[in-house]
$ cat entry03.pdb   # PDB, C-alpha atoms and all ligand atoms
MODEL        1
ATOM      1  CA  MET A  12     133.069 -93.931 114.118
ATOM      2  CA  GLU A  13     129.546 -92.757 114.993
ATOM      3  CA  ASP A  14     127.329 -94.950 117.257
ATOM      4  CA  LYS A  15     124.603 -94.792 114.573
ATOM      5  CA  GLN A  16     126.947 -96.123 111.890
ATOM      6  CA  PHE A  17     128.003 -99.023 114.163
ATOM      7  CA  ARG A  18     124.354 -99.844 114.982
ATOM      8  CA  ASN A  19     123.397 -99.724 111.301
ATOM      9  CA  ALA A  20     126.303-102.019 110.423
ATOM     10  CA  MET A  21     125.411-104.548 113.159
ATOM     11  CA  GLY A  22     121.784-104.437 112.011
ATOM     12  CA  LYS A  23     122.921-105.933 108.684
ATOM     13  CA  PHE A  24     123.447-109.225 110.496
ATOM     14  CA  ALA A  25     120.060-110.928 109.990
ATOM     15  CA  THR A  26     118.877-112.801 113.071
ATOM     16  CA  GLY A  27     115.941-114.610 114.556
ATOM     17  CA  VAL A  28     114.101-113.034 117.480
ATOM     18  CA  THR A  29     113.866-114.414 121.021
ATOM     19  CA  ILE A  30     112.067-113.427 124.174
ATOM     20  CA  ILE A  31     114.114-114.067 127.301
ATOM     21  CA  THR A  32     111.913-114.888 130.289
ATOM     22  CA  THR A  33     112.588-115.393 133.966
ATOM     23  CA  GLU A  34     110.777-115.299 137.288
ATOM     24  CA  VAL A  35     111.762-113.495 140.487
ATOM     25  CA  ASP A  36     109.629-113.617 143.677
ATOM     26  CA  GLY A  37     106.703-115.064 141.719
ATOM     27  CA  GLU A  38     106.793-112.287 139.088
ATOM     28  CA  VAL A  39     107.492-113.086 135.444
ATOM     29  CA  HIS A  40     109.621-110.684 133.410
ATOM     30  CA  GLY A  41     110.289-110.912 129.673
ATOM     31  CA  MET A  42     112.538-109.046 127.252
ATOM     32  CA  THR A  43     112.945-109.259 123.487
ATOM     33  CA  ALA A  44     116.516-110.115 122.481
ATOM     34  CA  ASN A  45     118.351-111.059 119.329
ATOM     35  CA  ALA A  46     121.795-111.223 120.950
ATOM     36  CA  PHE A  47     121.549-114.970 121.422
ATOM     37  CA  MET A  48     123.964-117.677 120.340
ATOM     38  CA  SER A  49     124.689-121.329 120.853
ATOM     39  CA  VAL A  50     128.103-121.682 122.558
ATOM     40  CA  SER A  51     128.922-125.364 123.164
ATOM     41  CA  LEU A  52     127.518-128.834 122.471
ATOM     42  CA  GLN A  53     129.348-130.658 125.318
ATOM     43  CA  PRO A  54     128.165-129.296 127.679
ATOM     44  CA  LYS A  55     125.149-127.646 126.069
ATOM     45  CA  LEU A  56     125.638-123.923 126.556
ATOM     46  CA  VAL A  57     124.072-120.779 125.093
ATOM     47  CA  VAL A  58     124.702-117.070 125.666
ATOM     48  CA  ILE A  59     122.484-113.987 125.853
ATOM     49  CA  SER A  60     123.616-110.366 126.085
ATOM     50  CA  ILE A  61     121.711-107.819 128.210
ATOM     51  CA  ASP A  62     122.030-104.038 128.159
ATOM     52  CA  GLU A  63     123.049-102.424 131.483
ATOM     53  CA  ARG A  64     119.872-100.262 131.276
ATOM     54  CA  ALA A  65     117.502-103.231 130.960
ATOM     55  CA  MET A  66     115.337-104.294 133.929
ATOM     56  CA  MET A  67     116.102-107.848 132.833
ATOM     57  CA  LEU A  68     119.720-107.570 133.994
ATOM     58  CA  GLU A  69     118.935-107.618 137.718
ATOM     59  CA  LYS A  70     116.161-110.175 137.209
ATOM     60  CA  VAL A  71     118.555-112.725 135.649
ATOM     61  CA  ARG A  72     121.233-111.923 138.247
ATOM     62  CA  LYS A  73     118.692-112.710 140.985
ATOM     63  CA  SER A  74     117.025-115.783 139.499
ATOM     64  CA  LYS A  75     120.269-117.246 138.032
ATOM     65  CA  THR A  76     118.014-118.879 135.452
ATOM     66  CA  TYR A  77     116.407-117.832 132.188
ATOM     67  CA  ALA A  78     114.384-119.289 129.355
ATOM     68  CA  VAL A  79     114.907-118.483 125.680
ATOM     69  CA  ASN A  80     111.821-118.512 123.438
ATOM     70  CA  ILE A  81     112.720-118.505 119.731
ATOM     71  CA  LEU A  82     109.762-116.775 118.095
ATOM     72  CA  SER A  83     107.711-118.017 115.185
ATOM     73  CA  SER A  84     106.603-115.832 112.272
ATOM     74  CA  GLY A  85     103.212-115.081 113.888
ATOM     75  CA  GLN A  86     104.691-113.684 117.100
ATOM     76  CA  GLN A  87     105.766-110.177 116.056
ATOM     77  CA  ASP A  88     103.206-108.669 118.468
ATOM     78  CA  LEU A  89     104.805-110.511 121.385
ATOM     79  CA  SER A  90     108.243-109.300 120.307
ATOM     80  CA  MET A  91     106.917-105.730 120.236
ATOM     81  CA  ILE A  92     105.324-106.100 123.673
ATOM     82  CA  PHE A  93     108.544-107.364 125.267
ATOM     83  CA  ALA A  94     110.685-104.760 123.495
ATOM     84  CA  GLY A  95     108.473-101.941 124.797
ATOM     85  CA  GLN A  96     107.484-101.105 121.189
ATOM     86  CA  ILE A  97     103.824-101.571 122.206
ATOM     87  CA  LYS A  98     103.431 -99.242 125.157
ATOM     88  CA  GLU A  99     100.154-100.298 126.762
ATOM     89  CA  LYS A 100     100.341-103.184 129.240
ATOM     90  CA  ARG A 101      99.095-106.480 127.780
ATOM     91  CA  GLU A 102      98.176-109.678 129.572
ATOM     92  CA  VAL A 103     100.462-112.488 128.396
ATOM     93  CA  ASN A 104      99.988-116.149 129.329
ATOM     94  CA  PHE A 105     102.976-118.299 130.156
ATOM     95  CA  SER A 106     103.479-122.051 130.311
ATOM     96  CA  THR A 107     106.248-123.690 132.325
ATOM     97  CA  LEU A 108     109.400-125.565 131.338
ATOM     98  CA  ASN A 109     111.601-126.843 134.171
ATOM     99  CA  GLY A 110     109.918-124.333 136.463
ATOM    100  CA  LEU A 111     110.612-121.388 134.131
ATOM    101  CA  PRO A 112     107.977-119.283 132.331
ATOM    102  CA  VAL A 113     107.868-119.942 128.571
ATOM    103  CA  LEU A 114     105.721-118.774 125.672
ATOM    104  CA  ASP A 115     103.445-121.146 123.770
ATOM    105  CA  GLY A 116     103.760-120.855 119.994
ATOM    106  CA  ALA A 117     107.531-120.311 120.112
ATOM    107  CA  LEU A 118     109.520-122.569 117.759
ATOM    108  CA  VAL A 119     111.899-123.443 120.586
ATOM    109  CA  GLN A 120     111.732-123.048 124.349
ATOM    110  CA  LEU A 121     115.023-123.533 126.241
ATOM    111  CA  SER A 122     115.375-123.525 130.013
ATOM    112  CA  CYS A 123     118.826-122.486 131.252
ATOM    113  CA  GLU A 124     120.837-122.164 134.445
ATOM    114  CA  VAL A 125     123.369-119.339 134.532
ATOM    115  CA  VAL A 126     126.877-120.806 134.840
ATOM    116  CA  ASN A 127     128.843-117.611 134.204
ATOM    117  CA  GLU A 128     128.452-113.909 133.505
ATOM    118  CA  HIS A 129     130.833-111.442 131.871
ATOM    119  CA  THR A 130     130.274-107.705 131.730
ATOM    120  CA  GLU A 131     131.833-106.150 128.638
ATOM    121  CA  GLY A 132     131.269-102.456 127.978
ATOM    122  CA  ASP A 133     127.572-101.660 128.456
ATOM    123  CA  HIS A 134     126.285-105.249 128.157
ATOM    124  CA  THR A 135     126.478-108.387 130.312
ATOM    125  CA  LEU A 136     126.787-111.824 128.758
ATOM    126  CA  PHE A 137     125.075-114.659 130.624
ATOM    127  CA  ILE A 138     126.280-118.143 129.750
ATOM    128  CA  GLY A 139     123.425-120.597 130.313
ATOM    129  CA  LYS A 140     123.564-124.367 130.684
ATOM    130  CA  VAL A 141     120.565-125.778 128.839
ATOM    131  CA  THR A 142     118.510-127.955 131.200
ATOM    132  CA  ASN A 143     115.574-128.760 128.912
ATOM    133  CA  LEU A 144     114.060-127.842 125.559
ATOM    134  CA  GLN A 145     110.865-128.031 123.524
ATOM    135  CA  LEU A 146     110.915-127.814 119.740
ATOM    136  CA  VAL A 147     108.054-127.485 117.244
ATOM    137  CA  ASP A 148     107.916-127.084 113.461
ATOM    138  CA  GLY A 149     107.144-123.690 111.985
ATOM    139  CA  GLU A 150     108.529-120.584 110.333
ATOM    140  CA  PRO A 151     110.761-118.102 112.208
ATOM    141  CA  LEU A 152     110.313-114.405 112.913
ATOM    142  CA  LEU A 153     113.381-112.550 111.611
ATOM    143  CA  TYR A 154     114.975-109.162 112.300
ATOM    144  CA  TYR A 155     117.097-107.315 109.761
ATOM    145  CA  SER A 156     118.156-103.705 109.468
ATOM    146  CA  GLY A 157     115.803-102.602 112.252
ATOM    147  CA  LYS A 158     112.721-104.283 110.726
ATOM    148  CA  TYR A 159     110.806-107.488 111.351
ATOM    149  CA  ARG A 160     110.790-109.941 108.438
ATOM    150  CA  THR A 161     109.643-113.445 107.629
ATOM    151  CA  LEU A 162     111.142-115.988 105.259
ATOM    152  CA  PRO A 163     109.682-115.789 101.737
ATOM    153  CA  VAL A 164     107.283-118.620 100.957
ATOM    154  CA  GLN A 165     109.226-121.265  99.021
ATOM    155  CA  GLU A 166     107.849-122.481  95.685
ATOM    156  CA  GLU A 167     107.050-126.160  96.023
ATOM    157  CA  VAL A 168     109.661-128.234  94.126
ATOM    158  CA  ARG A 169     107.970-130.872  91.971
TER     159      ARG A 169
HETATM  160  P1  LIG A 201     110.861-103.368 130.406
HETATM  161  O1  LIG A 201     111.162-102.277 129.443
HETATM  162  O2  LIG A 201     110.304-103.092 131.747
HETATM  163  O3  LIG A 201     109.968-104.506 129.746
HETATM  164  C1  LIG A 201     109.908-104.660 128.379
HETATM  165  C2  LIG A 201     108.449-104.752 127.980
HETATM  166  O4  LIG A 201     107.993-106.060 128.296
HETATM  167  C3  LIG A 201     107.529-103.757 128.700
HETATM  168  O5  LIG A 201     106.665-103.191 127.748
HETATM  169  C4  LIG A 201     106.774-104.641 129.694
HETATM  170  O6  LIG A 201     105.456-104.189 129.911
HETATM  171  C5  LIG A 201     106.767-105.982 128.974
HETATM  172  N1  LIG A 201     106.711-107.101 129.936
HETATM  173  C6  LIG A 201     107.688-107.546 130.737
HETATM  174  N2  LIG A 201     107.270-108.580 131.469
HETATM  175  C7  LIG A 201     105.961-108.795 131.145
HETATM  176  C8  LIG A 201     104.950-109.736 131.553
HETATM  177  N3  LIG A 201     105.179-110.653 132.495
HETATM  178  N4  LIG A 201     103.740-109.683 130.941
HETATM  179  C9  LIG A 201     103.479-108.755 129.988
HETATM  180  N5  LIG A 201     104.375-107.828 129.558
HETATM  181  C10 LIG A 201     105.605-107.847 130.143
HETATM  182  N6  LIG A 201     118.107-105.570 124.454
HETATM  183  C11 LIG A 201     119.128-106.249 125.025
HETATM  184  O7  LIG A 201     119.567-105.915 126.136
HETATM  185  N7  LIG A 201     119.695-107.345 124.395
HETATM  186  C12 LIG A 201     119.258-107.781 123.187
HETATM  187  O8  LIG A 201     119.775-108.783 122.659
HETATM  188  C13 LIG A 201     118.198-107.073 122.574
HETATM  189  N8  LIG A 201     117.733-107.460 121.365
HETATM  190  C14 LIG A 201     116.662-106.838 120.804
HETATM  191  C15 LIG A 201     116.142-107.321 119.594
HETATM  192  C16 LIG A 201     115.050-106.721 119.012
HETATM  193  C17 LIG A 201     114.511-107.280 117.712
HETATM  194  C18 LIG A 201     114.437-105.612 119.657
HETATM  195  C19 LIG A 201     113.229-104.967 119.022
HETATM  196  C20 LIG A 201     114.925-105.124 120.855
HETATM  197  C21 LIG A 201     116.048-105.730 121.457
HETATM  198  N9  LIG A 201     116.555-105.298 122.694
HETATM  199  C22 LIG A 201     117.621-105.966 123.251
HETATM  200  C23 LIG A 201     115.950-104.163 123.412
HETATM  201  C24 LIG A 201     115.032-104.622 124.544
HETATM  202  O9  LIG A 201     114.071-105.576 124.101
HETATM  203  C25 LIG A 201     114.263-103.415 125.135
HETATM  204  O10 LIG A 201     115.181-102.398 125.493
HETATM  205  C26 LIG A 201     113.412-103.819 126.333
HETATM  206  O11 LIG A 201     112.396-102.845 126.552
HETATM  207  C27 LIG A 201     114.204-103.918 127.622
HETATM  208  O12 LIG A 201     113.382-104.501 128.570
HETATM  209  P2  LIG A 201     113.566-104.318 130.116
HETATM  210  O13 LIG A 201     114.127-105.573 130.695
HETATM  211  O14 LIG A 201     114.273-103.025 130.431
HETATM  212  O15 LIG A 201     112.126-104.279 130.683
ENDMDL
END
$ encode --input "entry03.pdb" --output "C-alpha cells"
Amino acid sequence: MEDKQFRNAMGKFATGVTIITTEVDGEVHGMTANAFMSVSLQPKLVVISIDERAMMLEKVRKSKTYAVNILSSGQQDLSMIFAGQIKEKREVNFSTLNGLPVLDGALVQLSCEVVNEHTEGDHTLFIGKVTNLQLVDGEPLLYYSGKYRTLPVQEEVR
C-alpha cells in the first residue's frame, strides 16, 4: 500500500479542526491538528496525536499541558497560520484559560494536563485530563479530503 493511498483514505474521515496551544518559558506555540478525540467521561480525558517532526512535540513534553481550541467556521486563516500554510509570520492574540494560551472565537477551549503519552510509529499520543473548558455557540470549521469546508446553511424548518 502506498503512503499516498493511505493518506487519501484517512482524509475521507471528515473532522473538525483544532489548534493545540501551549506555553514554554513564556513563549506560546500553536499547531493545527485534527487528530483529536474525546477518550473518557469519568475522568474527563481527551487525546491529541503529534507528528515526530513537529516542533509542538517537545513543547508539550516540556510544558506537560496543552489547550485544544475547536475552531469556528470563520477561523480558516488561523488554521492556515498554525499549519504553516500561510508562510509569513502573523501576530496572533491569545487569551488565557487555567494559565494556558487559548484563542478567542473558538467554539470550545479546553485546558488539559498531560497524564500519559504513547509513541506509536511516527506520532505521539498525549492523553490530557481536562481541567477547564469554555463553550460558545457557532458553526464549526471542517476538514475533508485535504480541503477546508463549512456546514451547509440549513433551510429554516417552519
Ligand atoms: P511550526 O511549523 O514551527 O509552527 C506552525 C505554524 O504556526 C508556523 O507557521 C508558526 O509561525 C505558527 N505559530 C506557532 N506559534 C505561533 C504564535 N505564538 N503566534 C503566531 N504564529 C505561531 N500535525 C500533527 O502532528 N497532528 C495533527 O493532528 C495534525 N492535523 C492537521 C490538520 C490539518 C487540517 C492541517 C492543515 C494540518 C495538520 N497537521 C497535523 C500538520 C501541522 O499543523 C503542521 O505540520 C504544523 O506546521 C506543525 O507545526 P510545528 O509544531 O512543527 O510548528
$ closest_atom_pairs --input "entry03.pdb" --of "chain A" --to "ligand LIG 201 (chain A)" --cutoff "8 Å" --atoms "all atoms listed in the file" --output "CSV"
residue,atom,partner,partner_atom,distance
A:Val28,CA,A:LIG201,C17,5.8
A:Thr29,CA,A:LIG201,C15,7.6
A:Thr32,CA,A:LIG201,N2,7.9
A:Glu38,CA,A:LIG201,N3,7.0
A:Val39,CA,A:LIG201,N3,4.5
A:His40,CA,A:LIG201,N2,3.7
A:Gly41,CA,A:LIG201,N2,4.2
A:Met42,CA,A:LIG201,O12,4.8
A:Thr43,CA,A:LIG201,O9,3.9
A:Ala44,CA,A:LIG201,N8,3.1
A:Asn45,CA,A:LIG201,N8,4.2
A:Ala46,CA,A:LIG201,O8,3.6
A:Phe47,CA,A:LIG201,O8,6.6
A:Ile59,CA,A:LIG201,O8,6.7
A:Ser60,CA,A:LIG201,N7,5.2
A:Ile61,CA,A:LIG201,O7,3.5
A:Asp62,CA,A:LIG201,O7,3.7
A:Glu63,CA,A:LIG201,O7,7.3
A:Arg64,CA,A:LIG201,O14,6.3
A:Ala65,CA,A:LIG201,O14,3.3
A:Met66,CA,A:LIG201,O13,3.7
A:Met67,CA,A:LIG201,O13,3.7
A:Leu68,CA,A:LIG201,O13,6.8
A:Ser90,CA,A:LIG201,C19,6.7
A:Met91,CA,A:LIG201,C19,6.5
A:Ile92,CA,A:LIG201,O5,5.2
A:Phe93,CA,A:LIG201,O4,3.3
A:Ala94,CA,A:LIG201,O9,3.5
A:Gly95,CA,A:LIG201,O5,3.7
A:Gln96,CA,A:LIG201,O5,6.9
A:Ile97,CA,A:LIG201,O5,6.4
A:Lys98,CA,A:LIG201,O5,5.7
A:Glu99,CA,A:LIG201,O5,7.2
A:Lys100,CA,A:LIG201,O6,5.3
A:Arg101,CA,A:LIG201,C9,5.4
A:Glu102,CA,A:LIG201,C9,5.4
A:Val103,CA,A:LIG201,N4,5.0
A:Asn104,CA,A:LIG201,N4,7.6
A:His134,CA,A:LIG201,O7,7.0
A:Tyr154,CA,A:LIG201,C17,5.7
A:Gly157,CA,A:LIG201,C17,7.3
A:Lys158,CA,A:LIG201,C17,7.8
A:Tyr159,CA,A:LIG201,C17,7.4
$ resolve_selection --input "entry03.pdb" --expression "the PyMOL selection byres (((chain A and resi 106-117) around 6) and not hetatm)" --output "PyMOL selection string"
chain A and resi 80-83+105+118-119
$ resolve_selection --input "entry03.pdb" --expression "the PyMOL selection byres (((chain A and resi 23) around 12) and not hetatm)" --output "MDAnalysis selection string"
chainID A and resid 16:22 24:26 153:158
$ atom_distance --input "entry03.pdb" --atom1 "atom CA of A:Glu124" --atom2 "atom CA of A:Gly139"
5.1 Å
$ closest_residue --input "entry03.pdb" --among "A:Leu89, A:Val71, A:Leu121, A:Val58" --to "A:Ile138" --atoms "all atoms listed in the file"
A:Val58
$ atom_distance --input "entry03.pdb" --atom1 "atom CA of A:Gly149" --atom2 "atom CA of A:Gln120"
13.2 Å
$ atom_distance --input "entry03.pdb" --atom1 "atom CA of A:Thr130" --atom2 "atom CA of A:Glu69"
12.8 Å
$ residues_near_point --input "entry03.pdb" --point "(107.5, -118.1, 104.8)" --cutoff "12 Å" --atoms "all atoms listed in the file" --output "PDB file with C-alpha atoms, in the coordinates of the input"
ATOM      1  CA  SER A  83     107.711-118.017 115.185  1.00  0.00           C
ATOM      2  CA  SER A  84     106.603-115.832 112.272  1.00  0.00           C
ATOM      3  CA  GLY A  85     103.212-115.081 113.888  1.00  0.00           C
ATOM      4  CA  GLY A 149     107.144-123.690 111.985  1.00  0.00           C
ATOM      5  CA  GLU A 150     108.529-120.584 110.333  1.00  0.00           C
ATOM      6  CA  PRO A 151     110.761-118.102 112.208  1.00  0.00           C
ATOM      7  CA  LEU A 152     110.313-114.405 112.913  1.00  0.00           C
ATOM      8  CA  LEU A 153     113.381-112.550 111.611  1.00  0.00           C
ATOM      9  CA  ARG A 160     110.790-109.941 108.438  1.00  0.00           C
ATOM     10  CA  THR A 161     109.643-113.445 107.629  1.00  0.00           C
ATOM     11  CA  LEU A 162     111.142-115.988 105.259  1.00  0.00           C
ATOM     12  CA  PRO A 163     109.682-115.789 101.737  1.00  0.00           C
ATOM     13  CA  VAL A 164     107.283-118.620 100.957  1.00  0.00           C
ATOM     14  CA  GLN A 165     109.226-121.265  99.021  1.00  0.00           C
ATOM     15  CA  GLU A 166     107.849-122.481  95.685  1.00  0.00           C
ATOM     16  CA  GLU A 167     107.050-126.160  96.023  1.00  0.00           C
TER      17      GLU A 167
END
$ closest_residue --input "entry03.pdb" --among "A:Leu52, A:Val57, A:Ile30, A:Val126" --to "A:Lys75" --atoms "all atoms listed in the file"
A:Val126
$ closest_residue --input "entry03.pdb" --among "A:Lys70, A:Val50, A:Ser122, A:Asp14" --to "A:Gln145" --atoms "only C-alpha atoms"
A:Ser122
$ closest_residue --input "entry03.pdb" --among "A:Pro54, A:Gly27, A:Arg72, A:Val35" --to "A:Gln86" --atoms "all atoms listed in the file"
A:Gly27
$ decode --input "entry03.pdb" --residues "stretch 46-124 of chain A" --atoms "C-alpha atoms" --output "CSV table (one decimal), in the first residue's frame"
chain,number,residue,atom,x,y,z
A,46,ALA,CA,-6.2,14.2,15.3
A,47,PHE,CA,-8.2,14.9,18.4
A,48,MET,CA,-10.7,12.7,20.2
A,49,SER,CA,-12.6,12.6,23.4
A,50,VAL,CA,-11.4,9.5,25.4
A,51,SER,CA,-13.3,9.2,28.7
A,52,LEU,CA,-16.1,10.9,30.7
A,53,GLN,CA,-15.0,9.8,34.2
A,54,PRO,CA,-12.4,11.1,34.4
A,55,LYS,CA,-12.7,13.6,31.6
A,56,LEU,CA,-9.9,12.7,29.1
A,57,VAL,CA,-9.0,13.7,25.6
A,58,VAL,CA,-6.2,12.7,23.2
A,59,ILE,CA,-4.1,14.5,20.6
A,60,SER,CA,-1.6,13.0,18.2
A,61,ILE,CA,1.6,14.8,17.2
A,62,ASP,CA,4.0,14.1,14.4
A,63,GLU,CA,7.6,13.3,15.5
A,64,ARG,CA,8.7,16.2,13.1
A,65,ALA,CA,6.5,18.8,14.7
A,66,MET,CA,8.1,21.5,17.0
A,67,MET,CA,5.0,21.0,19.1
A,68,LEU,CA,6.1,17.6,20.3
A,69,GLU,CA,8.9,18.9,22.5
A,70,LYS,CA,6.8,21.9,23.6
A,71,VAL,CA,4.1,19.6,25.0
A,72,ARG,CA,6.6,17.2,26.6
A,73,LYS,CA,8.2,20.2,28.4
A,74,SER,CA,5.0,22.0,29.5
A,75,LYS,CA,3.0,18.8,30.3
A,76,THR,CA,0.0,20.9,29.5
A,77,TYR,CA,-1.9,21.9,26.3
A,78,ALA,CA,-5.1,23.6,25.3
A,79,VAL,CA,-7.4,22.5,22.5
A,80,ASN,CA,-9.2,25.2,20.5
A,81,ILE,CA,-12.0,23.8,18.4
A,82,LEU,CA,-12.3,26.3,15.5
A,83,SER,CA,-15.3,28.0,14.2
A,84,SER,CA,-16.2,28.4,10.6
A,85,GLY,CA,-14.6,31.9,10.4
A,86,GLN,CA,-11.2,30.7,11.6
A,87,GLN,CA,-9.7,29.1,8.5
A,88,ASP,CA,-7.0,31.8,8.4
A,89,LEU,CA,-5.9,30.8,11.9
A,90,SER,CA,-5.8,27.2,10.9
A,91,MET,CA,-3.6,28.0,7.9
A,92,ILE,CA,-1.3,30.1,10.1
A,93,PHE,CA,-0.8,27.3,12.6
A,94,ALA,CA,-0.4,24.6,9.9
A,95,GLY,CA,2.4,26.6,8.2
A,96,GLN,CA,0.1,27.0,5.1
A,97,ILE,CA,0.5,30.8,5.5
A,98,LYS,CA,4.2,31.3,5.5
A,99,GLU,CA,4.7,34.9,6.7
A,100,LYS,CA,4.7,35.4,10.4
A,101,ARG,CA,1.5,36.8,11.8
A,102,GLU,CA,0.8,38.4,15.2
A,103,VAL,CA,-1.9,36.3,17.0
A,104,ASN,CA,-3.5,37.4,20.3
A,105,PHE,CA,-4.2,34.8,23.0
A,106,SER,CA,-6.4,34.8,26.0
A,107,THR,CA,-5.9,32.6,29.0
A,108,LEU,CA,-7.7,29.6,30.4
A,109,ASN,CA,-6.3,28.0,33.5
A,110,GLY,CA,-3.0,29.6,32.8
A,111,LEU,CA,-2.9,28.3,29.2
A,112,PRO,CA,-3.0,30.3,26.0
A,113,VAL,CA,-6.3,30.0,24.1
A,114,LEU,CA,-7.8,31.6,21.0
A,115,ASP,CA,-10.9,33.8,21.2
A,116,GLY,CA,-13.6,32.9,18.7
A,117,ALA,CA,-13.0,29.2,19.0
A,118,LEU,CA,-16.2,27.2,19.6
A,119,VAL,CA,-14.6,25.3,22.5
A,120,GLN,CA,-11.4,26.0,24.5
A,121,LEU,CA,-10.2,23.1,26.7
A,122,SER,CA,-7.3,23.3,29.1
A,123,CYS,CA,-5.6,19.9,29.7
A,124,GLU,CA,-2.8,18.4,31.9
